[in-house]
>>> print(open('work-v6.txt').read())   # compact mmCIF, C-alpha atoms
# COMPACT_ATOMS: atom_id res chain seq x y z
CA MET A 15 -20.80 8.93 44.20
CA SER A 16 -21.77 5.56 45.60
CA SER A 17 -19.89 2.50 44.39
CA GLN A 18 -21.48 -0.51 42.74
CA THR A 19 -20.31 -4.11 42.71
CA PRO A 20 -19.24 -4.94 39.15
CA SER A 21 -20.86 -7.92 37.50
CA PRO A 22 -18.45 -10.82 37.10
CA GLY A 23 -16.68 -11.23 33.79
CA PRO A 24 -16.34 -14.55 32.02
CA VAL A 25 -14.59 -17.21 34.09
CA PRO A 26 -12.09 -19.13 31.96
CA ALA A 27 -11.86 -22.89 32.01
CA SER A 28 -8.70 -24.93 32.13
CA SER A 29 -7.89 -27.65 29.62
CA GLY A 30 -9.63 -30.14 31.94
CA GLY A 31 -12.85 -28.12 31.90
CA GLU A 32 -12.81 -26.94 35.54
CA ARG A 33 -13.19 -23.28 36.29
CA ARG A 34 -10.11 -21.32 37.31
CA LYS A 35 -9.26 -17.78 38.32
CA PRO A 36 -8.68 -15.29 35.47
CA ARG A 37 -4.97 -14.84 34.76
CA VAL A 38 -3.82 -11.21 34.69
CA ALA A 39 -0.56 -10.21 33.04
CA VAL A 40 0.57 -6.90 34.50
CA VAL A 41 2.89 -5.42 31.87
CA PHE A 42 5.11 -2.47 32.85
CA GLY A 43 8.38 -0.63 32.22
CA GLY A 44 8.96 -0.08 28.53
CA ARG A 45 11.19 1.89 26.20
CA SER A 46 9.89 5.37 26.97
CA SER A 47 11.32 8.04 29.26
CA GLU A 48 8.48 7.19 31.68
CA HIS A 49 9.91 3.70 32.32
CA ALA A 50 10.44 4.22 36.06
CA ILE A 51 7.00 5.71 36.67
CA SER A 52 5.47 2.71 34.92
CA VAL A 53 7.33 0.40 37.32
CA VAL A 54 6.11 2.38 40.33
CA THR A 55 2.53 2.27 39.05
CA ALA A 56 2.66 -1.47 38.38
CA GLY A 57 3.94 -2.10 41.90
CA ALA A 58 0.89 -0.39 43.34
CA VAL A 59 -1.45 -2.41 41.11
CA LEU A 60 0.26 -5.68 42.04
CA ARG A 61 -0.28 -4.87 45.71
CA ALA A 62 -3.96 -4.11 45.11
CA ILE A 63 -5.05 -7.03 42.91
CA ASP A 64 -7.23 -9.49 44.81
CA ARG A 65 -5.17 -12.71 44.75
CA GLU A 66 -8.22 -14.69 45.86
CA LYS A 67 -9.93 -13.62 42.64
CA TYR A 68 -7.08 -13.41 40.09
CA ASP A 69 -3.83 -15.16 39.24
CA VAL A 70 -1.11 -12.65 38.43
CA LEU A 71 1.86 -12.75 36.06
CA PRO A 72 4.21 -9.73 36.26
CA ILE A 73 5.97 -9.00 32.94
CA GLY A 74 8.46 -6.16 32.71
CA ILE A 75 9.71 -4.58 29.49
CA THR A 76 13.30 -3.38 29.75
CA ALA A 77 14.47 -0.01 28.50
CA ASP A 78 15.79 -1.70 25.35
CA GLY A 79 12.52 -3.53 24.69
CA ARG A 80 13.09 -7.05 26.05
CA TRP A 81 10.04 -8.65 27.68
CA ALA A 82 11.32 -10.05 30.97
CA LEU A 83 9.85 -12.30 33.62
CA THR A 84 10.03 -10.43 36.92
CA ALA A 85 9.58 -11.37 40.53
CA ASP A 86 6.19 -10.60 42.06
CA GLU A 87 7.73 -8.24 44.62
CA PRO A 88 5.90 -4.90 44.55
CA GLU A 89 7.89 -3.58 47.51
CA ARG A 90 10.95 -3.38 45.22
CA MET A 91 9.07 -1.28 42.66
CA ALA A 92 8.77 1.97 44.63
CA ILE A 93 10.88 5.12 44.56
CA ALA A 94 13.31 4.78 47.45
CA ASN A 95 15.71 7.50 48.61
CA ARG A 96 14.92 9.47 45.42
CA GLU A 97 16.16 6.49 43.38
CA LEU A 98 13.93 5.34 40.52
CA PRO A 99 13.23 1.62 39.99
CA SER A 100 13.74 -0.25 36.71
CA VAL A 101 12.74 -3.55 35.12
CA GLU A 102 16.40 -4.48 34.72
CA ARG A 103 16.76 -4.66 38.50
CA LEU A 104 13.61 -6.76 38.84
CA ALA A 105 14.18 -9.25 35.99
CA GLU A 106 14.81 -12.84 37.01
CA SER A 107 17.35 -13.21 34.19
CA SER A 108 19.44 -10.78 32.16
CA GLU A 109 18.87 -12.85 28.99
CA GLY A 110 15.52 -14.62 29.36
CA SER A 111 12.52 -13.27 27.49
CA VAL A 112 8.75 -13.64 27.58
CA VAL A 113 6.84 -14.20 24.34
CA LEU A 114 3.15 -13.50 23.86
CA PRO A 115 1.93 -15.50 20.84
CA VAL A 116 0.36 -13.44 18.06
CA ASP A 117 -2.42 -15.97 17.60
CA PRO A 118 -6.02 -15.31 18.71
CA GLY A 119 -6.48 -19.03 19.24
CA ASN A 120 -3.57 -19.36 21.64
CA ARG A 121 -3.06 -17.25 24.77
CA GLU A 122 -0.21 -19.26 26.24
CA VAL A 123 2.78 -17.18 27.30
CA VAL A 124 6.21 -18.78 26.87
CA TYR A 125 9.47 -17.98 28.65
CA SER A 126 12.80 -18.79 27.01
CA GLU A 127 16.48 -18.47 27.84
CA PRO A 128 19.47 -19.23 25.61
CA GLY A 129 20.37 -22.94 25.74
CA VAL A 130 17.30 -23.86 27.83
CA VAL A 131 14.08 -25.56 26.74
CA PRO A 132 11.31 -22.90 26.58
CA LYS A 133 8.93 -22.97 29.51
CA ALA A 134 5.16 -22.50 29.17
CA LEU A 135 3.82 -19.99 31.70
CA GLY A 136 0.16 -20.76 31.03
CA ASP A 137 -2.66 -18.84 29.39
CA VAL A 138 -3.27 -15.14 29.96
CA ASP A 139 -6.90 -13.98 30.08
CA VAL A 140 -6.42 -10.24 30.37
CA VAL A 141 -3.51 -7.78 30.23
CA PHE A 142 -3.23 -4.76 32.51
CA PRO A 143 -0.82 -2.55 30.51
CA MET A 144 0.75 -0.20 33.04
CA LEU A 145 3.01 1.46 30.46
CA HIS A 146 3.29 5.21 30.07
CA GLY A 147 4.48 7.06 26.99
CA PRO A 148 5.57 5.74 23.57
CA TYR A 149 5.68 1.98 22.88
CA GLY A 150 2.96 1.29 25.42
CA GLU A 151 0.41 4.05 25.93
CA ASP A 152 0.37 5.21 22.31
CA GLY A 153 -1.50 2.32 20.65
CA THR A 154 1.51 0.18 19.76
CA LEU A 155 1.07 -2.35 22.58
CA GLN A 156 -2.69 -2.18 22.13
CA GLY A 157 -2.26 -3.18 18.47
CA LEU A 158 -0.13 -6.17 19.49
CA LEU A 159 -2.77 -7.28 21.98
CA GLU A 160 -5.50 -6.92 19.34
CA LEU A 161 -3.46 -9.19 17.04
CA SER A 162 -3.02 -11.65 19.91
CA GLY A 163 -6.73 -11.64 20.72
CA VAL A 164 -6.07 -10.89 24.40
CA PRO A 165 -8.43 -8.49 26.23
CA TYR A 166 -6.73 -5.59 27.94
CA VAL A 167 -7.48 -2.72 30.29
CA GLY A 168 -7.92 0.76 28.88
CA ALA A 169 -8.20 2.55 25.58
CA GLY A 170 -7.93 0.87 22.19
CA VAL A 171 -5.46 1.60 19.39
CA LEU A 172 -7.01 4.81 18.06
CA ALA A 173 -7.84 6.38 21.42
CA SER A 174 -4.40 5.52 22.78
CA ALA A 175 -2.68 7.12 19.78
CA VAL A 176 -4.85 10.24 19.98
CA GLY A 177 -4.31 10.49 23.73
CA MET A 178 -0.54 10.34 23.31
CA ASP A 179 -0.17 12.93 20.52
CA LYS A 180 -0.90 16.36 21.99
CA GLU A 181 -1.40 17.93 18.57
CA TYR A 182 -3.97 15.47 17.27
CA MET A 183 -5.63 15.27 20.66
CA LYS A 184 -6.30 19.00 20.46
CA ARG A 185 -7.50 18.68 16.87
CA VAL A 186 -10.00 16.02 17.91
CA PHE A 187 -11.22 18.13 20.82
CA VAL A 188 -11.70 21.17 18.59
CA SER A 189 -13.67 19.08 16.08
CA PHE A 190 -16.04 18.09 18.91
CA GLY A 191 -16.42 21.66 20.13
CA LEU A 192 -14.28 21.35 23.25
CA PRO A 193 -12.30 24.47 24.27
CA VAL A 194 -8.49 24.25 23.95
CA GLY A 195 -5.73 26.79 24.48
CA PRO A 196 -3.52 28.37 21.78
CA TYR A 197 -0.69 26.18 20.49
CA GLU A 198 1.89 25.90 17.73
CA VAL A 199 3.53 22.73 16.37
CA ILE A 200 7.13 22.30 15.21
CA ARG A 201 7.30 19.24 12.97
CA PRO A 202 10.58 17.30 12.61
CA ARG A 203 11.25 18.26 8.99
CA ALA A 204 10.51 21.95 9.65
CA TRP A 205 13.13 22.14 12.43
CA GLU A 206 15.70 20.04 10.57
CA GLN A 207 15.41 21.86 7.24
CA GLU A 208 14.27 25.41 8.11
CA PRO A 209 14.91 26.06 11.80
CA SER A 210 14.93 29.84 11.36
CA ALA A 211 11.43 29.79 9.83
CA ALA A 212 10.15 27.49 12.58
CA ARG A 213 11.74 29.71 15.25
CA ARG A 214 10.20 32.81 13.68
CA ARG A 215 6.73 31.20 13.77
CA VAL A 216 7.10 30.49 17.47
CA VAL A 217 8.28 34.03 18.23
CA GLU A 218 5.29 35.43 16.30
CA PHE A 219 3.06 33.08 18.29
CA ALA A 220 4.56 34.47 21.52
CA GLU A 221 4.09 38.05 20.33
CA GLU A 222 0.40 37.27 19.81
CA HIS A 223 -0.22 35.29 23.01
CA GLY A 224 2.56 36.51 25.30
CA TRP A 225 5.55 35.05 27.11
CA PRO A 226 6.27 32.68 28.79
CA LEU A 227 5.66 29.68 26.57
CA PHE A 228 5.72 25.99 27.40
CA VAL A 229 7.75 23.87 25.00
CA LYS A 230 6.88 20.17 25.13
CA PRO A 231 7.54 16.87 23.39
CA ALA A 232 4.32 16.24 21.46
CA ARG A 233 4.22 12.57 22.45
CA ALA A 234 5.48 12.17 25.99
CA GLY A 235 4.11 12.44 29.51
CA SER A 236 4.91 12.89 33.20
CA SER A 237 6.09 16.44 32.35
CA ILE A 238 9.34 14.99 30.97
CA GLY A 239 11.17 17.19 28.48
CA ILE A 240 9.03 20.28 29.17
CA SER A 241 10.58 23.74 29.48
CA LYS A 242 9.08 27.05 30.51
CA VAL A 243 10.56 29.69 28.20
CA ASP A 244 10.49 33.37 29.19
CA ASP A 245 12.72 34.76 26.46
CA PRO A 246 13.47 34.07 22.74
CA ALA A 247 17.12 33.49 23.65
CA ASP A 248 16.16 30.28 25.48
CA LEU A 249 13.91 28.93 22.74
CA ASP A 250 16.43 26.77 20.85
CA GLU A 251 17.63 25.03 23.99
CA ALA A 252 14.03 24.26 25.02
CA ILE A 253 13.18 22.89 21.57
CA GLU A 254 16.24 20.65 21.57
CA GLU A 255 15.39 19.40 25.06
CA ALA A 256 11.87 18.49 23.91
CA ARG A 257 13.28 16.83 20.78
CA ARG A 258 15.41 14.54 22.93
CA HIS A 259 12.12 12.82 23.81
CA ASP A 260 10.15 13.31 20.59
CA PRO A 261 11.11 14.84 17.20
CA LYS A 262 7.74 16.63 17.08
CA VAL A 263 7.39 19.57 19.47
CA ILE A 264 4.32 21.43 20.64
CA VAL A 265 4.45 24.99 21.99
CA GLU A 266 1.63 26.18 24.23
CA ALA A 267 0.71 29.61 25.52
CA LEU A 268 0.53 30.24 29.25
CA LEU A 269 -3.04 29.95 30.48
CA ARG A 270 -3.62 31.97 33.64
CA GLY A 271 -5.89 30.15 36.02
CA ARG A 272 -6.24 27.09 38.22
CA GLU A 273 -5.22 23.55 37.26
CA ILE A 274 -8.18 21.20 37.64
CA GLU A 275 -8.25 17.43 36.99
CA CYS A 276 -11.16 15.01 36.69
CA GLY A 277 -11.23 11.23 36.41
CA VAL A 278 -13.48 9.25 34.08
CA LEU A 279 -14.28 5.58 34.66
CA GLU A 280 -16.23 3.28 32.36
CA TYR A 281 -19.25 1.65 34.00
CA GLU A 282 -21.54 -0.88 32.37
CA ASP A 283 -23.97 1.92 31.49
CA GLY A 284 -21.29 4.29 30.20
CA PRO A 285 -18.54 6.62 31.45
CA ARG A 286 -18.92 8.54 34.70
CA ALA A 287 -16.85 11.38 36.14
CA SER A 288 -15.25 11.53 39.57
CA VAL A 289 -15.15 14.50 41.85
CA PRO A 290 -12.52 16.91 40.45
CA ALA A 291 -9.19 17.79 42.05
CA GLU A 292 -7.02 20.89 42.00
CA ILE A 293 -3.26 21.06 41.57
CA PRO A 294 -2.16 24.14 43.53
CA PRO A 295 0.87 26.20 42.45
CA VAL A 296 4.16 24.58 43.48
CA SER A 297 6.33 27.30 45.00
CA SER A 298 9.56 25.29 44.81
CA HIS A 299 9.20 24.54 41.08
CA ALA A 300 8.69 26.69 38.00
CA PHE A 301 5.68 24.52 37.11
CA TYR A 302 4.20 21.09 37.91
CA ASP A 303 7.18 19.18 36.50
CA PHE A 304 8.46 15.60 36.91
CA GLU A 305 10.20 16.21 40.24
CA ALA A 306 7.20 18.04 41.67
CA LYS A 307 4.94 15.14 40.70
CA TYR A 308 7.00 12.13 41.63
CA ILE A 309 10.07 13.03 43.69
CA ASP A 310 8.84 15.84 45.92
CA SER A 311 5.24 14.52 45.80
CA ALA A 312 3.48 17.84 45.36
CA ASP A 313 0.01 17.35 46.75
CA GLY A 314 -3.34 18.01 45.14
CA ILE A 315 -6.61 19.11 46.72
CA VAL A 316 -9.39 16.51 46.54
CA PRO A 317 -12.13 17.46 46.04
CA ALA A 318 -11.31 20.74 44.31
CA PRO A 319 -12.87 23.82 45.95
CA LEU A 320 -15.31 24.55 43.12
CA THR A 321 -18.90 25.66 43.01
CA GLU A 322 -21.56 23.07 42.20
CA GLU A 323 -21.93 24.58 38.73
CA GLN A 324 -18.14 24.49 38.10
CA THR A 325 -17.99 20.88 39.30
CA ARG A 326 -20.86 19.87 37.03
CA ARG A 327 -19.28 21.66 34.06
CA VAL A 328 -15.83 20.09 34.41
CA GLN A 329 -17.38 16.64 34.85
CA GLU A 330 -19.40 17.15 31.66
CA LEU A 331 -16.30 18.22 29.77
CA ALA A 332 -14.26 15.26 31.10
CA VAL A 333 -16.87 12.76 29.90
CA ALA A 334 -17.17 14.63 26.58
CA ALA A 335 -13.38 14.37 26.09
CA PHE A 336 -13.52 10.64 26.91
CA GLU A 337 -16.21 10.14 24.27
CA ALA A 338 -14.59 12.43 21.68
CA ALA A 339 -11.39 10.36 21.66
CA SER A 340 -13.35 7.04 21.72
CA CYS A 341 -11.73 6.08 25.04
CA GLU A 342 -12.46 2.99 27.11
CA GLY A 343 -11.78 1.99 30.67
CA LEU A 344 -10.29 5.10 32.24
CA VAL A 345 -9.06 8.61 31.54
CA ARG A 346 -7.76 11.50 33.55
CA ALA A 347 -8.73 14.81 31.96
CA ASP A 348 -6.67 17.90 32.81
CA PHE A 349 -8.13 21.41 32.60
CA PHE A 350 -7.38 25.04 33.30
CA LEU A 351 -10.08 27.08 35.00
CA LEU A 352 -9.26 30.49 33.55
CA ASP A 353 -9.61 33.74 35.44
CA SER A 354 -12.56 34.44 33.13
CA GLY A 355 -14.40 31.41 34.59
CA GLU A 356 -14.09 29.30 31.43
CA PHE A 357 -12.72 25.76 31.49
CA VAL A 358 -10.12 24.88 28.85
CA ILE A 359 -9.04 21.29 28.38
CA ASN A 360 -5.28 20.80 28.35
CA GLU A 361 -5.00 17.05 27.73
CA ILE A 362 -6.25 13.57 28.57
CA ASN A 363 -4.20 10.65 29.88
CA THR A 364 -5.48 7.25 28.79
CA MET A 365 -3.26 5.51 31.36
CA PRO A 366 -2.78 8.09 34.10
CA GLY A 367 -0.57 7.81 37.15
CA PHE A 368 -2.11 4.98 39.12
CA THR A 369 -0.43 4.67 42.50
CA PRO A 370 -2.75 5.06 45.53
CA ILE A 371 -1.47 8.62 46.01
CA SER A 372 -1.84 9.54 42.32
CA MET A 373 -4.58 11.99 41.47
CA TYR A 374 -6.76 9.59 39.47
CA PRO A 375 -7.20 6.98 42.26
CA ARG A 376 -7.52 9.72 44.87
CA MET A 377 -10.37 11.35 42.95
CA TRP A 378 -12.19 8.02 42.74
CA GLN A 379 -11.48 7.25 46.40
CA GLU A 380 -13.23 10.51 47.25
CA SER A 381 -16.03 9.48 44.86
CA GLY A 382 -16.65 6.23 46.76
CA VAL A 383 -14.48 3.77 44.78
CA SER A 384 -11.53 2.35 46.73
CA TYR A 385 -8.19 1.61 45.07
CA PRO A 386 -8.61 -2.22 45.05
CA GLU A 387 -12.16 -1.82 43.76
CA LEU A 388 -10.92 0.52 41.02
CA VAL A 389 -8.39 -2.11 39.87
CA ASP A 390 -11.09 -4.78 39.94
CA ARG A 391 -13.56 -2.66 37.97
CA LEU A 392 -11.02 -2.10 35.20
CA LEU A 393 -10.14 -5.80 35.00
CA GLN A 394 -13.80 -6.82 34.93
CA ALA A 395 -14.55 -4.28 32.19
CA ALA A 396 -11.67 -5.65 30.11
CA LEU A 397 -12.80 -9.25 30.62
CA ARG A 398 -16.31 -8.34 29.47
CA ARG A 399 -15.01 -6.61 26.36
CA SER A 400 -14.12 -8.66 23.31
CA THR A 401 -11.09 -7.77 21.22
CA GLY A 402 -11.41 -6.55 17.66
CA LEU A 403 -11.70 -3.21 15.90
CA ARG A 404 -12.92 -0.51 18.30
>>> encode(input="work-v6.txt", output="structure tokens")
Amino acid sequence: MSSQTPSPGPVPASSGGERRKPRVAVVFGGRSSEHAISVVTAGAVLRAIDREKYDVLPIGITADGRWALTADEPERMAIANRELPSVERLAESSEGSVVLPVDPGNREVVYSEPGVVPKALGDVDVVFPMLHGPYGEDGTLQGLLELSGVPYVGAGVLASAVGMDKEYMKRVFVSFGLPVGPYEVIRPRAWEQEPSAARRRVVEFAEEHGWPLFVKPARAGSSIGISKVDDPADLDEAIEEARRHDPKVIVEALLRGREIECGVLEYEDGPRASVPAEIPPVSSHAFYDFEAKYIDSADGIVPAPLTEEQTRRVQELAVAAFEAASCEGLVRADFFLLDSGEFVINEINTMPGFTPISMYPRMWQESGVSYPELVDRLLQAALRRSTGLR
């Protein structure tokens, strides 16, 4: 796919009337279990943003929810010696906080510390929310930005919430005629009040669809909290592990086939799909878990070795999933290509892993869109888009 130069978004004016560069707040970290991956992703974006074209304000959210002013030092935001980074280590102060005004007529960000006069950090024109998981990728941050009247990269409130909740994501896909695999849901009240009945339902599900099962937090990502369960004796432990990350649990049947991913990017004329990629089996791990993805850097194959017809089909399904969930900006759609030849959609990620070696940027690189250009396209799309119900 050939790349196109995006049309320029609106250029903001300063209080004196002269034109200035758009101000980008890169927001990362957060309260979810994917905090460290968000920091890594943000570091890559900070390295890629064209500083001749944009002013940049890095804002980290600590694990306990404080918005912190951080140094613009992306080299400190990588995984080093298997050690994960955090906002706490990057924050310029252990007590200072950044405040985004909830006022559509005022985009000025303020920094305050106890006993010190608050400091204005200037207006923000667009937010690049590099948060993964709850309290960032699930519509909560998007709702705050809608209230603030600040444009932002990526999906809106509804699409973000649907993309985070694996149960309702699948329900939306089914309603649009997209193929999904068998699943069972354990709701919080069911497990807390009648665990034996919930357990029995899962065992009956396994008897119908076979072992092993995958037990997952319904609203989490990066393969955190997921267990592969081969025997009923291990079911309770797997459910409790998933519940450490989310009180609602989803149980999925094993789908035998190849793991295929496809990126979707919003252009001015609508969403387009990248070349697909394949995630080969990881021999050193039971499945494609957190360590395989981020610590041991299990590699994917780009482009995936598919026929032209298979490539066309998975691209169609990826765009259809993007549209079904009312997404904007970007999505990575994950599929299984079953032994029968049918594609089944597993999930979408409305803010996928976004380092240069992550699958989403790699698929677009192979499609003719470089990493810096990808970042620029997303920022320009957000600047063109007005806030409001969407």
>>> residues_near_point(input="work-v6.txt", point="(1.3, -9.5, 47.0)", cutoff="7 Å", atoms="all atoms listed in the file", output="PDB file with C-alpha atoms, in the coordinates of the input")
ATOM      1  CA  LEU A  60       0.260  -5.680  42.040  1.00  0.00           C
ATOM      2  CA  ARG A  61      -0.280  -4.870  45.710  1.00  0.00           C
ATOM      3  CA  GLU A  87       7.730  -8.240  44.620  1.00  0.00           C
ATOM      4  CA  PRO A  88       5.900  -4.900  44.550  1.00  0.00           C
TER       5      PRO A  88
END
>>> closest_residue(input="work-v6.txt", among="A:Val243, A:Glu323, A:Ala62, A:Gly153", to="A:Pro375", atoms="only C-alpha atoms")
A:Ala62
>>> residues_around(input="work-v6.txt", residues="A:Glu160", least_positions_apart="2", cutoff="12 Å", atoms="all atoms listed in the file", output="NGL selection string")
:A and (114-118 or 121 or 140-141 or 153-158 or 162-167 or 169-172 or 399-404)
>>> closest_residue(input="work-v6.txt", among="A:Glu280, A:Glu254, A:Asp260, A:Glu292", to="A:Leu393", atoms="only C-alpha atoms")
A:Glu280
>>> atom_distance(input="work-v6.txt", atom1="atom CA of A:Gly44", atom2="atom CA of A:Leu83")
13.3 Å
>>> closest_residue(input="work-v6.txt", among="A:Met144, A:Asp390, A:Ile238, A:Arg272", to="A:Arg65", atoms="only C-alpha atoms")
A:Asp390
>>> closest_residue(input="work-v6.txt", among="A:Val70, A:Leu331, A:Leu344, A:Ile51", to="A:Arg391", atoms="only C-alpha atoms")
A:Leu344
>>> closest_residue(input="work-v6.txt", among="A:Phe228, A:Phe142, A:Phe219, A:Tyr385", to="A:Pro370", atoms="only C-alpha atoms")
A:Tyr385
>>> residues_near_point(input="work-v6.txt", point="(9.5, -14.6, 30.1)", cutoff="6 Å", atoms="all atoms listed in the file", output="PyMOL selection string")
chain A and resi 82-83+111-112+125
>>> residues_around(input="work-v6.txt", residues="A:Leu98", least_positions_apart="6", cutoff="12 Å", atoms="all atoms listed in the file", output="JSON, numbers by chain")
{"A": [43, 47, 48, 49, 50, 51, 52, 53, 54, 55, 90, 91, 92, 305, 308, 309]}
>>> closest_residue(input="work-v6.txt", among="A:Gly191, A:Thr364, A:Val289, A:Glu342", to="A:Ala175", atoms="all atoms listed in the file")
A:Thr364
>>> residues_around(input="work-v6.txt", residues="A:Glu102", least_positions_apart="6", cutoff="10 Å", atoms="all atoms listed in the file", output="number ranges by chain")
A: 43, 74-78, 80, 82, 84, 108
>>> residues_around(input="work-v6.txt", residues="A:Leu227", least_positions_apart="3", cutoff="7 Å", atoms="only C-alpha atoms", output="JSON, numbers by chain")
{"A": [242, 243, 244, 265, 266, 267, 268]}
>>> atom_distance(input="work-v6.txt", atom1="atom CA of A:Val41", atom2="atom CA of A:Ile293")
28.9 Å
>>> residues_around(input="work-v6.txt", residues="stretch 346-353 of chain A", least_positions_apart="4", cutoff="7 Å", atoms="only C-alpha atoms", output="PDB file with C-alpha atoms, in the coordinates of the input")
ATOM      1  CA  LEU A 269      -3.040  29.950  30.480  1.00  0.00           C
ATOM      2  CA  ARG A 270      -3.620  31.970  33.640  1.00  0.00           C
ATOM      3  CA  GLY A 271      -5.890  30.150  36.020  1.00  0.00           C
ATOM      4  CA  ARG A 272      -6.240  27.090  38.220  1.00  0.00           C
ATOM      5  CA  GLU A 273      -5.220  23.550  37.260  1.00  0.00           C
ATOM      6  CA  ILE A 274      -8.180  21.200  37.640  1.00  0.00           C
ATOM      7  CA  GLU A 275      -8.250  17.430  36.990  1.00  0.00           C
ATOM      8  CA  CYS A 276     -11.160  15.010  36.690  1.00  0.00           C
ATOM      9  CA  GLY A 277     -11.230  11.230  36.410  1.00  0.00           C
ATOM     10  CA  VAL A 278     -13.480   9.250  34.080  1.00  0.00           C
ATOM     11  CA  ALA A 332     -14.260  15.260  31.100  1.00  0.00           C
ATOM     12  CA  PHE A 357     -12.720  25.760  31.490  1.00  0.00           C
ATOM     13  CA  VAL A 358     -10.120  24.880  28.850  1.00  0.00           C
ATOM     14  CA  ILE A 359      -9.040  21.290  28.380  1.00  0.00           C
ATOM     15  CA  ASN A 360      -5.280  20.800  28.350  1.00  0.00           C
ATOM     16  CA  GLU A 361      -5.000  17.050  27.730  1.00  0.00           C
ATOM     17  CA  ILE A 362      -6.250  13.570  28.570  1.00  0.00           C
ATOM     18  CA  ASN A 363      -4.200  10.650  29.880  1.00  0.00           C
ATOM     19  CA  THR A 364      -5.480   7.250  28.790  1.00  0.00           C
ATOM     20  CA  PRO A 366      -2.780   8.090  34.100  1.00  0.00           C
ATOM     21  CA  TYR A 374      -6.760   9.590  39.470  1.00  0.00           C
TER      22      TYR A 374
END
>>> atom_distance(input="work-v6.txt", atom1="atom CA of A:Asp250", atom2="atom CA of A:Val176")
27.0 Å
